[in-house]
Amino acid sequence: MTTMQTSMPAQAVYKDTRSLWEKLRTNRNWLALWFMLPTAAFLILFLAYPLGLGVWMSFTDERIGRTGIFVGLENYEWLWNDSIFWLSVFNTLLYTIIASVIKFAVGLYLALLLNRHMPFKAMIRAIVLVPFIVPTVLSAIAFWWIYDAQFSIISWSLIKLGLIDHNINFLGDPNMARGSVIFANIWRGVPFVAITLLAGLQTVSPSLYEAATLDGATDWQRFRYITYPLLTPIIAVVMTFSVLFTFTDFQLVWALTRGGPVNATHLMATLSYQRGILSGRLGEGAAIATAMIPFLLAAIAISWFGMQRRKWQQGSDND
Amino acid sequence: MSNLITDRRSLLKGGATMLAAAAAMSSEQLLGYAKAWAQTSPWKPEAGAKINLLRWKRFVEAEDVAFMKIVDAFQKANNVTINVSNESYDDIQPKASVAANTGQGLDMVWGLYSLPFLFPNKCTDMTDVADYLAKKCGGWAESGKAYGMLNGKWIGIPVAATGGLVNYRVKAAEAAGHKTFPKDLGGFLDLVKGMKKNGTPGGMALGHASGDANGWLHWALWAHGGNLIDKDNKVVINSPETAKALEYVKQLYDNFVPGTASWNDSSNNKAFLAGQLHLTVNGISIYVAAKKENPQIAEDMNHAHLPAGVDGKTRELHLGFPILVYTFTKFPQTCKAFTSFLLEPAQFNPWVEAAQGYLSPFLLDYEKNPIWTADPKNTPYRDVAQTANTPAGIGKMGENAAAAIADFVVVDMFANYATGREDVKTAMASAERNAKRIFRG
């Protein structure tokens, strides 16, 4: 007892002598903050600050080499009535939706195929990744040759086979050009979807399939009631990324068409670059880039809230 | 000429003889010359200066070799370092713009078109260099002044331009009924139509090709009396003259080889050299390449200026190559000394020869260089400065005109109508709307 009594006040005295800084330094709750600080600083410096700067710029008439003055929503008002901007919005949505849907379908199919046991499994899986590994600009240049107005290998082969009698105008006709860049994007994006879904497939326990087989489930039923529900969380993540990458794509289109012919393939990203960097009007370029944010937030929100729902996660009807 | 050594006095006395010998100078002799030059130069490079220079990636190999020889001699003579980096045509402008905006990375840029006009307040005043060169090399062509000066001040030195002129196959043109190259708009259209009919079509870029498409489409606009802006930089693109130009270009486009709406700056080079294209607008690089790789095509091709406009005058938009020095460089004297050294007759003459017609001068004395007459097929490129207009046309060159050309306002207008996406009125109205925004206030 006596020891207790003497030590108690002593401890109280010790506590009081600590400065606020020391308290903050050692408090367990604050400690977490200290550990997060480097990361937070990193994120603020390299993510939040540039983003904020971009958004701020979109409210100014800044040009390259000279700071702008605040012009409020003037850039946005201008874009609202700009047919090229709306065309780029349309192109971006078209590009994203078509490419993402096909990438998902082909990627899932490929993942299911690769999940089977077959000879040279590792090698085939590695080969599938190739389009993803090749630097975008390189694959864009390859496609540029494939789509060339005069030297296209496809046109050449078909002419030699006697199927057509003139070169296909891949990048010169608006709809053909759209189809061509979307195809190139799909070619490049499928491996990412396929390999990630394959990783997801491998986490599905084989015993579930065994049980289902014993119960007499068909192939389709096994996919629908085992594979698909267990795969949904990863599908949500993969497709979120896939949509974000596709929506913000720049290199492929820029290398292939520069947004041409007559702006038929201009995406918001390429238009933003053309106006902001090439034409020097940073304010307007930033406004176009900022206009992409709502679309991206919507894409994230859909998958985020989707992932929160049990129905999505488990594919069952019991909410 | 082997007695041309590092002795300054004998060199200076050498005078005119030396200029003639310059072409044959070995790198050692060039160094001696450079040392002597450094002592008389009005600009004294800062001791130990280190400058970063960005230039466009060569199209003619010998030109690049000659350029690096000059850089080397200048470095040794002045004990400075010049780091030269090369970027393709399309990447020069964004890199230069980023440097201008951040105020670091580069000291000077040898760029394209109207680059200094995109950020004029970041460009060092080069008036002293321009005046020095004018005195020494026969003065500047009017177009050179338009390309270099803003409000009476030189913001860049237009080193040279590469001409956007007609490259055509002689036999194909003759077969289409034109023994001599047509001098008027009607004749030119007739030639293009005839060539298409004979299965030897021509074609010019209608895509976002910053050099080729901008070049010939501005010619078409100006030839019909149309203009993007008037003398006071007021937007006047929506006019009956522009409408005529649109109709004319559509007729040309309908008789081109298919696919020109997707062309970039290198598409026509490839197609012409492969023998699939028989008329286009380009620099002399096709001819230079053909002489080396495909002599039959070189033999059968020739060059000509685009035909005169309805008022009888020829106005063309060529690809200018201006040098600019940033205001934030720590070594302005070195940059200025190097710029004037480049354009001295002893350096520039051999360099122009090495470029084989790719570099057309804005300084009048260099039009006398034998390269322009040694091969008559080079001669049209000599007169590039005489027909050259800035992207502003009759207006005043400035950052707005530079922005308009970078945003393809004129190219898109023509492409929109020629490919049938918009009618004449809409195409002109959208171009007008875009231009008005760029040229506001």
# chains A, B, ... in the order shown; residues from 1 in each chain; ligands from 1

call {"tool": "interface_residues", "arguments": {"of": "chain B", "to": "chain A", "cutoff": "6 Å", "atoms": "only C-alpha atoms", "output": "JSON list (two decimals) with N, CA and C atoms, in the first residue's frame"}}
result
[["chain", "number", "residue", "atom", "x", "y", "z"],
["B", 94, "PRO", "N", 5.71, 21.22, -77.28],
["B", 94, "PRO", "CA", 5.35, 21.00, -75.87],
["B", 94, "PRO", "C", 6.53, 21.12, -74.92],
["B", 100, "ALA", "N", 9.35, 27.03, -70.90],
["B", 100, "ALA", "CA", 8.99, 28.44, -70.76],
["B", 100, "ALA", "C", 8.13, 28.65, -69.52],
["B", 101, "ASN", "N", 7.25, 27.71, -69.28],
["B", 101, "ASN", "CA", 6.32, 27.87, -68.17],
["B", 101, "ASN", "C", 6.98, 27.64, -66.82],
["B", 119, "PHE", "N", 5.09, 32.40, -76.46],
["B", 119, "PHE", "CA", 5.41, 32.95, -75.13],
["B", 119, "PHE", "C", 6.41, 34.09, -75.27],
["B", 207, "GLY", "N", -5.12, 15.99, -92.50],
["B", 207, "GLY", "CA", -5.20, 15.60, -91.09],
["B", 207, "GLY", "C", -4.49, 16.62, -90.22],
["B", 259, "GLY", "N", -7.60, 8.72, -98.33],
["B", 259, "GLY", "CA", -6.94, 8.61, -97.03],
["B", 259, "GLY", "C", -6.20, 9.85, -96.57],
["B", 261, "ALA", "N", -7.18, 12.49, -95.34],
["B", 261, "ALA", "CA", -7.70, 13.09, -94.11],
["B", 261, "ALA", "C", -7.02, 12.50, -92.88],
["B", 262, "SER", "N", -6.35, 11.36, -93.05],
["B", 262, "SER", "CA", -5.69, 10.75, -91.90],
["B", 262, "SER", "C", -4.18, 11.00, -91.92],
["B", 403, "ALA", "N", -1.40, 30.48, -81.51],
["B", 403, "ALA", "CA", -2.34, 29.55, -80.88],
["B", 403, "ALA", "C", -3.32, 29.00, -81.91],
["B", 406, "ALA", "N", -1.75, 26.27, -83.99],
["B", 406, "ALA", "CA", -1.51, 25.07, -83.21],
["B", 406, "ALA", "C", -2.82, 24.32, -82.93],
["B", 407, "ASP", "N", -3.93, 25.04, -82.95],
["B", 407, "ASP", "CA", -5.23, 24.41, -82.68],
["B", 407, "ASP", "C", -5.91, 23.96, -83.98],
["B", 412, "ASP", "N", -8.98, 22.32, -89.73],
["B", 412, "ASP", "CA", -10.25, 21.67, -89.41],
["B", 412, "ASP", "C", -11.39, 22.22, -90.27],
["B", 415, "ALA", "N", -11.01, 20.59, -93.65],
["B", 415, "ALA", "CA", -11.27, 19.15, -93.57],
["B", 415, "ALA", "C", -12.75, 18.89, -93.32],
["B", 416, "ASN", "N", -13.39, 19.72, -92.49],
["B", 416, "ASN", "CA", -14.81, 19.55, -92.20],
["B", 416, "ASN", "C", -15.64, 19.64, -93.47]]

call {"tool": "select_by_dssp", "arguments": {"residues": "stretch 61-173 of chain B", "states": "strand (DSSP E or B)", "output": "list in words"}}
result
Thr81, Ile82, Asn83, Val84, Ser85, Asn86, Glu87, Met108, Val109, Trp110, Cys123, Trp140, Met149, Leu150, Lys153, Trp154, Ile157, Pro158, Val159, Ala160, Ala161, Thr162, Leu165, Val166, Asn167, Tyr168 and Arg169 of chain B

call {"tool": "atom_distance", "arguments": {"atom1": "atom CA of B:Val109", "atom2": "atom CA of B:Asn400"}}
result
20.3 Å

call {"tool": "residues_around", "arguments": {"residues": "B:Lys396", "least_positions_apart": "2", "cutoff": "8 Å", "atoms": "only C-alpha atoms", "output": "mmCIF file with C-alpha atoms, in the first residue's frame"}}
result
data_model
loop_
_atom_site.group_PDB
_atom_site.id
_atom_site.type_symbol
_atom_site.label_atom_id
_atom_site.label_comp_id
_atom_site.auth_asym_id
_atom_site.auth_seq_id
_atom_site.Cartn_x
_atom_site.Cartn_y
_atom_site.Cartn_z
ATOM 1 C CA LYS B 231 -4.649 43.850 -90.724
ATOM 2 C CA ASP B 232 -5.937 44.752 -87.278
ATOM 3 C CA ASN B 233 -6.130 41.110 -86.211
ATOM 4 C CA ALA B 392 -1.015 35.531 -89.305
ATOM 5 C CA GLY B 393 -1.202 36.213 -93.049
ATOM 6 C CA ILE B 394 -1.835 39.912 -93.553
ATOM 7 C CA GLY B 398 1.537 37.232 -82.189
#

call {"tool": "select_by_dssp", "arguments": {"residues": "stretch 39-103 of chain A", "states": "alpha helix (DSSP H)", "output": "NGL selection string"}}
result
:A and (39-43 or 49-57 or 74-80 or 83-103)

call {"tool": "write_last_selection", "arguments": {"atoms": "N, CA and C atoms", "output": "compact mmCIF listing (two decimals), in the first residue's frame"}}
result
# COMPACT_ATOMS: atom_id res chain seq x y z
N THR A 39 3.12 9.72 -45.82
CA THR A 39 2.28 9.32 -46.96
C THR A 39 1.34 10.45 -47.34
N ALA A 40 0.74 11.04 -46.32
CA ALA A 40 -0.20 12.12 -46.60
C ALA A 40 0.51 13.26 -47.31
N ALA A 41 1.70 13.59 -46.83
CA ALA A 41 2.45 14.69 -47.46
C ALA A 41 2.75 14.34 -48.91
N PHE A 42 3.13 13.10 -49.12
CA PHE A 42 3.43 12.64 -50.47
C PHE A 42 2.21 12.78 -51.37
N LEU A 43 1.06 12.32 -50.85
CA LEU A 43 -0.16 12.37 -51.65
C LEU A 43 -0.57 13.81 -51.92
N TYR A 49 -2.17 18.47 -54.80
CA TYR A 49 -1.75 19.80 -55.24
C TYR A 49 -1.88 19.99 -56.75
N PRO A 50 -1.33 19.04 -57.57
CA PRO A 50 -1.51 19.21 -59.02
C PRO A 50 -2.98 19.23 -59.42
N LEU A 51 -3.77 18.38 -58.77
CA LEU A 51 -5.19 18.34 -59.12
C LEU A 51 -5.84 19.68 -58.81
N GLY A 52 -5.54 20.18 -57.59
CA GLY A 52 -6.10 21.48 -57.20
C GLY A 52 -5.64 22.58 -58.14
N LEU A 53 -4.36 22.52 -58.50
CA LEU A 53 -3.81 23.54 -59.40
C LEU A 53 -4.52 23.50 -60.75
N GLY A 54 -4.75 22.27 -61.24
CA GLY A 54 -5.44 22.11 -62.52
C GLY A 54 -6.84 22.68 -62.46
N VAL A 55 -7.53 22.38 -61.38
CA VAL A 55 -8.90 22.90 -61.25
C VAL A 55 -8.87 24.43 -61.16
N TRP A 56 -7.93 24.93 -60.40
CA TRP A 56 -7.82 26.39 -60.28
C TRP A 56 -7.54 27.02 -61.65
N MET A 57 -6.61 26.40 -62.38
CA MET A 57 -6.24 26.93 -63.70
C MET A 57 -7.44 27.02 -64.62
N GLU A 74 -15.90 31.21 -67.24
CA GLU A 74 -15.87 31.57 -68.66
C GLU A 74 -15.43 30.41 -69.53
N ASN A 75 -14.37 29.69 -69.12
CA ASN A 75 -13.89 28.56 -69.92
C ASN A 75 -14.98 27.51 -70.10
N TYR A 76 -15.71 27.26 -69.02
CA TYR A 76 -16.75 26.23 -69.08
C TYR A 76 -17.92 26.68 -69.94
N GLU A 77 -18.27 27.96 -69.82
CA GLU A 77 -19.35 28.48 -70.67
C GLU A 77 -18.99 28.32 -72.13
N TRP A 78 -17.74 28.62 -72.44
CA TRP A 78 -17.28 28.50 -73.82
C TRP A 78 -17.36 27.05 -74.29
N LEU A 79 -16.90 26.14 -73.43
CA LEU A 79 -16.91 24.73 -73.80
C LEU A 79 -18.34 24.22 -73.96
N TRP A 80 -19.24 24.73 -73.11
CA TRP A 80 -20.63 24.31 -73.17
C TRP A 80 -21.21 24.51 -74.57
N SER A 83 -18.89 22.80 -80.16
CA SER A 83 -19.29 21.51 -80.71
C SER A 83 -18.14 20.51 -80.69
N ILE A 84 -16.90 21.00 -80.84
CA ILE A 84 -15.77 20.06 -80.83
C ILE A 84 -15.63 19.43 -79.44
N PHE A 85 -15.86 20.25 -78.39
CA PHE A 85 -15.78 19.70 -77.04
C PHE A 85 -16.82 18.61 -76.85
N TRP A 86 -18.07 18.88 -77.27
CA TRP A 86 -19.12 17.87 -77.09
C TRP A 86 -18.85 16.63 -77.92
N LEU A 87 -18.26 16.86 -79.11
CA LEU A 87 -17.89 15.72 -79.93
C LEU A 87 -16.86 14.87 -79.18
N SER A 88 -15.92 15.54 -78.50
CA SER A 88 -14.90 14.78 -77.77
C SER A 88 -15.51 14.05 -76.59
N VAL A 89 -16.53 14.65 -75.95
CA VAL A 89 -17.21 13.96 -74.86
C VAL A 89 -17.91 12.71 -75.40
N PHE A 90 -18.60 12.90 -76.51
CA PHE A 90 -19.28 11.76 -77.13
C PHE A 90 -18.28 10.66 -77.49
N ASN A 91 -17.17 11.08 -78.14
CA ASN A 91 -16.16 10.10 -78.53
C ASN A 91 -15.60 9.36 -77.32
N THR A 92 -15.35 10.12 -76.25
CA THR A 92 -14.77 9.50 -75.06
C THR A 92 -15.72 8.47 -74.48
N LEU A 93 -17.01 8.83 -74.39
CA LEU A 93 -17.98 7.90 -73.83
C LEU A 93 -18.11 6.66 -74.72
N LEU A 94 -18.21 6.91 -76.02
CA LEU A 94 -18.33 5.80 -76.96
C LEU A 94 -17.13 4.86 -76.85
N TYR A 95 -15.96 5.48 -76.85
CA TYR A 95 -14.69 4.76 -76.77
C TYR A 95 -14.65 3.94 -75.49
N THR A 96 -14.99 4.58 -74.37
CA THR A 96 -14.90 3.91 -73.08
C THR A 96 -15.90 2.77 -72.99
N ILE A 97 -17.15 3.04 -73.36
CA ILE A 97 -18.19 2.03 -73.17
C ILE A 97 -17.93 0.82 -74.06
N ILE A 98 -17.74 1.07 -75.35
CA ILE A 98 -17.56 -0.07 -76.25
C ILE A 98 -16.30 -0.85 -75.89
N ALA A 99 -15.20 -0.12 -75.69
CA ALA A 99 -13.94 -0.82 -75.41
C ALA A 99 -14.04 -1.59 -74.10
N SER A 100 -14.65 -1.00 -73.07
CA SER A 100 -14.69 -1.67 -71.77
C SER A 100 -15.56 -2.92 -71.82
N VAL A 101 -16.71 -2.82 -72.48
CA VAL A 101 -17.60 -3.99 -72.55
C VAL A 101 -16.90 -5.14 -73.26
N ILE A 102 -16.28 -4.82 -74.40
CA ILE A 102 -15.63 -5.89 -75.15
C ILE A 102 -14.42 -6.43 -74.39
N LYS A 103 -13.66 -5.52 -73.77
CA LYS A 103 -12.51 -5.98 -73.00
C LYS A 103 -12.95 -6.92 -71.89

call {"tool": "residues_around", "arguments": {"residues": "stretch 266-280 of chain B", "least_positions_apart": "4", "cutoff": "7 Å", "atoms": "only C-alpha atoms", "output": "list in words"}}
result
Gln150 of chain A; Val166, Asn167, Tyr168, Arg169, Ala172, Thr200, Pro201, Gly202, Gly203, Met204, Ile286 and Ala290 of chain B

call {"tool": "write_last_selection", "arguments": {"atoms": "all heavy atoms", "output": "JSON list (two decimals), in the first residue's frame"}}
result
[["chain", "number", "residue", "atom", "x", "y", "z"],
["A", 150, "GLN", "N", -1.86, 3.94, -97.17],
["A", 150, "GLN", "CA", -1.26, 3.39, -98.39],
["A", 150, "GLN", "C", -0.60, 2.03, -98.19],
["A", 150, "GLN", "O", -0.58, 1.21, -99.08],
["A", 150, "GLN", "CB", -0.20, 4.36, -98.95],
["A", 150, "GLN", "CG", -0.75, 5.36, -99.94],
["A", 150, "GLN", "CD", -1.61, 6.40, -99.26],
["A", 150, "GLN", "OE1", -1.27, 6.89, -98.20],
["A", 150, "GLN", "NE2", -2.73, 6.74, -99.86],
["B", 166, "VAL", "N", 5.42, 22.35, -104.14],
["B", 166, "VAL", "CA", 4.86, 21.19, -104.84],
["B", 166, "VAL", "C", 6.00, 20.27, -105.26],
["B", 166, "VAL", "O", 6.97, 20.70, -105.86],
["B", 166, "VAL", "CB", 4.06, 21.62, -106.08],
["B", 166, "VAL", "CG1", 3.47, 20.40, -106.77],
["B", 166, "VAL", "CG2", 2.98, 22.60, -105.69],
["B", 167, "ASN", "N", 5.89, 19.00, -104.91],
["B", 167, "ASN", "CA", 6.76, 17.94, -105.41],
["B", 167, "ASN", "C", 5.92, 17.15, -106.41],
["B", 167, "ASN", "O", 4.83, 16.70, -106.05],
["B", 167, "ASN", "CB", 7.17, 16.97, -104.30],
["B", 167, "ASN", "CG", 8.09, 17.60, -103.25],
["B", 167, "ASN", "OD1", 8.98, 16.95, -102.74],
["B", 167, "ASN", "ND2", 7.84, 18.86, -102.90],
["B", 168, "TYR", "N", 6.38, 16.99, -107.63],
["B", 168, "TYR", "CA", 5.54, 16.25, -108.58],
["B", 168, "TYR", "C", 6.38, 15.40, -109.52],
["B", 168, "TYR", "O", 7.57, 15.67, -109.74],
["B", 168, "TYR", "CB", 4.64, 17.19, -109.37],
["B", 168, "TYR", "CG", 5.38, 18.12, -110.30],
["B", 168, "TYR", "CD1", 5.45, 17.86, -111.67],
["B", 168, "TYR", "CD2", 6.00, 19.27, -109.83],
["B", 168, "TYR", "CE1", 6.14, 18.71, -112.53],
["B", 168, "TYR", "CE2", 6.68, 20.12, -110.67],
["B", 168, "TYR", "CZ", 6.75, 19.84, -112.02],
["B", 168, "TYR", "OH", 7.43, 20.68, -112.86],
["B", 169, "ARG", "N", 5.75, 14.36, -110.04],
["B", 169, "ARG", "CA", 6.40, 13.49, -111.02],
["B", 169, "ARG", "C", 6.19, 14.09, -112.40],
["B", 169, "ARG", "O", 5.06, 14.33, -112.83],
["B", 169, "ARG", "CB", 5.82, 12.09, -110.94],
["B", 169, "ARG", "CG", 6.04, 11.41, -109.59],
["B", 169, "ARG", "CD", 7.49, 10.97, -109.46],
["B", 169, "ARG", "NE", 7.77, 9.88, -110.36],
["B", 169, "ARG", "CZ", 7.66, 8.59, -110.02],
["B", 169, "ARG", "NH1", 7.31, 8.26, -108.81],
["B", 169, "ARG", "NH2", 7.92, 7.65, -110.90],
["B", 172, "ALA", "N", 4.10, 12.02, -115.08],
["B", 172, "ALA", "CA", 2.68, 11.96, -114.75],
["B", 172, "ALA", "C", 2.00, 13.29, -115.05],
["B", 172, "ALA", "O", 0.87, 13.33, -115.55],
["B", 172, "ALA", "CB", 2.50, 11.58, -113.29],
["B", 200, "THR", "N", -2.57, 8.18, -111.62],
["B", 200, "THR", "CA", -1.34, 8.60, -110.96],
["B", 200, "THR", "C", -1.67, 9.78, -110.04],
["B", 200, "THR", "O", -1.22, 10.89, -110.26],
["B", 200, "THR", "CB", -0.28, 9.05, -111.98],
["B", 200, "THR", "OG1", -0.85, 10.10, -112.79],
["B", 200, "THR", "CG2", 0.20, 7.92, -112.84],
["B", 201, "PRO", "N", -2.47, 9.52, -108.99],
["B", 201, "PRO", "CA", -3.04, 10.63, -108.23],
["B", 201, "PRO", "C", -2.02, 11.37, -107.36],
["B", 201, "PRO", "O", -0.97, 10.83, -107.01],
["B", 201, "PRO", "CB", -4.07, 9.93, -107.34],
["B", 201, "PRO", "CG", -3.55, 8.55, -107.17],
["B", 201, "PRO", "CD", -2.83, 8.22, -108.44],
["B", 202, "GLY", "N", -2.37, 12.59, -107.04],
["B", 202, "GLY", "CA", -1.62, 13.36, -106.06],
["B", 202, "GLY", "C", -2.38, 13.35, -104.75],
["B", 202, "GLY", "O", -3.43, 12.72, -104.64],
["B", 203, "GLY", "N", -1.84, 14.03, -103.76],
["B", 203, "GLY", "CA", -2.55, 14.10, -102.48],
["B", 203, "GLY", "C", -1.80, 14.97, -101.50],
["B", 203, "GLY", "O", -0.57, 14.98, -101.47],
["B", 204, "MET", "N", -2.56, 15.74, -100.74],
["B", 204, "MET", "CA", -1.97, 16.59, -99.71],
["B", 204, "MET", "C", -2.71, 16.34, -98.40],
["B", 204, "MET", "O", -3.91, 16.06, -98.39],
["B", 204, "MET", "CB", -2.10, 18.06, -100.11],
["B", 204, "MET", "CG", -1.03, 18.51, -101.09],
["B", 204, "MET", "SD", -1.66, 18.82, -102.74],
["B", 204, "MET", "CE", -2.10, 20.52, -102.68],
["B", 286, "ILE", "N", 11.91, 14.79, -99.65],
["B", 286, "ILE", "CA", 11.57, 13.65, -100.51],
["B", 286, "ILE", "C", 12.64, 13.50, -101.59],
["B", 286, "ILE", "O", 13.15, 12.41, -101.84],
["B", 286, "ILE", "CB", 10.18, 13.83, -101.16],
["B", 286, "ILE", "CG1", 9.08, 13.74, -100.10],
["B", 286, "ILE", "CG2", 9.96, 12.79, -102.25],
["B", 286, "ILE", "CD1", 7.68, 13.91, -100.65],
["B", 290, "ALA", "N", 15.15, 10.52, -102.23],
["B", 290, "ALA", "CA", 15.03, 9.79, -103.50],
["B", 290, "ALA", "C", 16.38, 9.71, -104.21],
["B", 290, "ALA", "O", 16.72, 8.68, -104.80],
["B", 290, "ALA", "CB", 13.99, 10.46, -104.40]]

call {"tool": "residues_around", "arguments": {"residues": "B:Thr162", "least_positions_apart": "5", "cutoff": "8 Å", "atoms": "only C-alpha atoms", "output": "list in words"}}
result
Gly283, Ile284, His318, Leu319, Gly320, Phe321, Tyr358, Leu359, Ser360, Tyr381 and Val384 of chain B

call {"tool": "atom_distance", "arguments": {"atom1": "atom CA of A:Val181", "atom2": "atom CA of A:Thr265"}}
result
7.9 Å

call {"tool": "residues_around", "arguments": {"residues": "A:Ile302", "least_positions_apart": "4", "cutoff": "10 Å", "atoms": "only C-alpha atoms", "output": "PyMOL selection string"}}
result
chain A and resi 236+240+297-298+306-307

call {"tool": "write_last_selection", "arguments": {"atoms": "C-alpha atoms", "output": "PDB file, in the first residue's frame"}}
result
ATOM      1  CA  ALA A 236     -15.795  -4.624 -59.858  1.00  0.00           C
ATOM      2  CA  THR A 240     -13.226   0.236 -62.415  1.00  0.00           C
ATOM      3  CA  LEU A 297     -16.153  10.064 -60.090  1.00  0.00           C
ATOM      4  CA  ALA A 298     -19.345   8.535 -61.432  1.00  0.00           C
ATOM      5  CA  GLY A 306     -21.658  -1.834 -55.983  1.00  0.00           C
ATOM      6  CA  MET A 307     -18.874  -3.415 -54.002  1.00  0.00           C
TER       7      MET A 307
END

call {"tool": "residues_around", "arguments": {"residues": "B:Asn255", "least_positions_apart": "5", "cutoff": "7 Å", "atoms": "only C-alpha atoms", "output": "ChimeraX atom specification"}}
result
/B:192-193,196

call {"tool": "write_last_selection", "arguments": {"atoms": "all heavy atoms", "output": "compact mmCIF listing (two decimals), in the first residue's frame"}}
result
# COMPACT_ATOMS: atom_id res chain seq x y z
N VAL B 192 -4.40 18.25 -111.15
CA VAL B 192 -4.73 17.25 -110.13
C VAL B 192 -5.82 16.32 -110.63
O VAL B 192 -5.76 15.09 -110.44
CB VAL B 192 -5.13 17.94 -108.80
CG1 VAL B 192 -5.67 16.93 -107.81
CG2 VAL B 192 -3.94 18.67 -108.21
N LYS B 193 -6.83 16.91 -111.31
CA LYS B 193 -7.91 16.08 -111.86
C LYS B 193 -7.39 15.12 -112.91
O LYS B 193 -7.73 13.93 -112.92
CB LYS B 193 -8.99 16.97 -112.50
CG LYS B 193 -9.94 17.59 -111.49
CD LYS B 193 -11.02 18.39 -112.22
CE LYS B 193 -12.05 18.91 -111.24
NZ LYS B 193 -12.89 19.95 -111.85
N LYS B 196 -5.44 12.22 -111.44
CA LYS B 196 -6.34 11.23 -110.84
C LYS B 196 -6.92 10.32 -111.92
O LYS B 196 -7.00 9.10 -111.78
CB LYS B 196 -7.44 11.96 -110.08
CG LYS B 196 -8.63 11.09 -109.71
CD LYS B 196 -8.42 10.44 -108.37
CE LYS B 196 -9.69 9.77 -107.89
NZ LYS B 196 -9.52 9.11 -106.62

call {"tool": "closest_atom_pairs", "arguments": {"of": "stretch 110-218 of chain B", "to": "stretch 88-91 of chain B", "cutoff": "9 Å", "atoms": "only C-alpha atoms", "output": "tab-separated table"}}
result
residue	atom	partner	partner_atom	distance
B:Gly111	CA	B:Tyr89	CA	8.3
B:Leu112	CA	B:Tyr89	CA	7.5
B:Ser210	CA	B:Asp90	CA	7.9
B:Gly211	CA	B:Tyr89	CA	8.8

call {"tool": "atom_distance", "arguments": {"atom1": "atom CA of A:Phe104", "atom2": "atom CA of A:Thr248"}}
result
17.5 Å
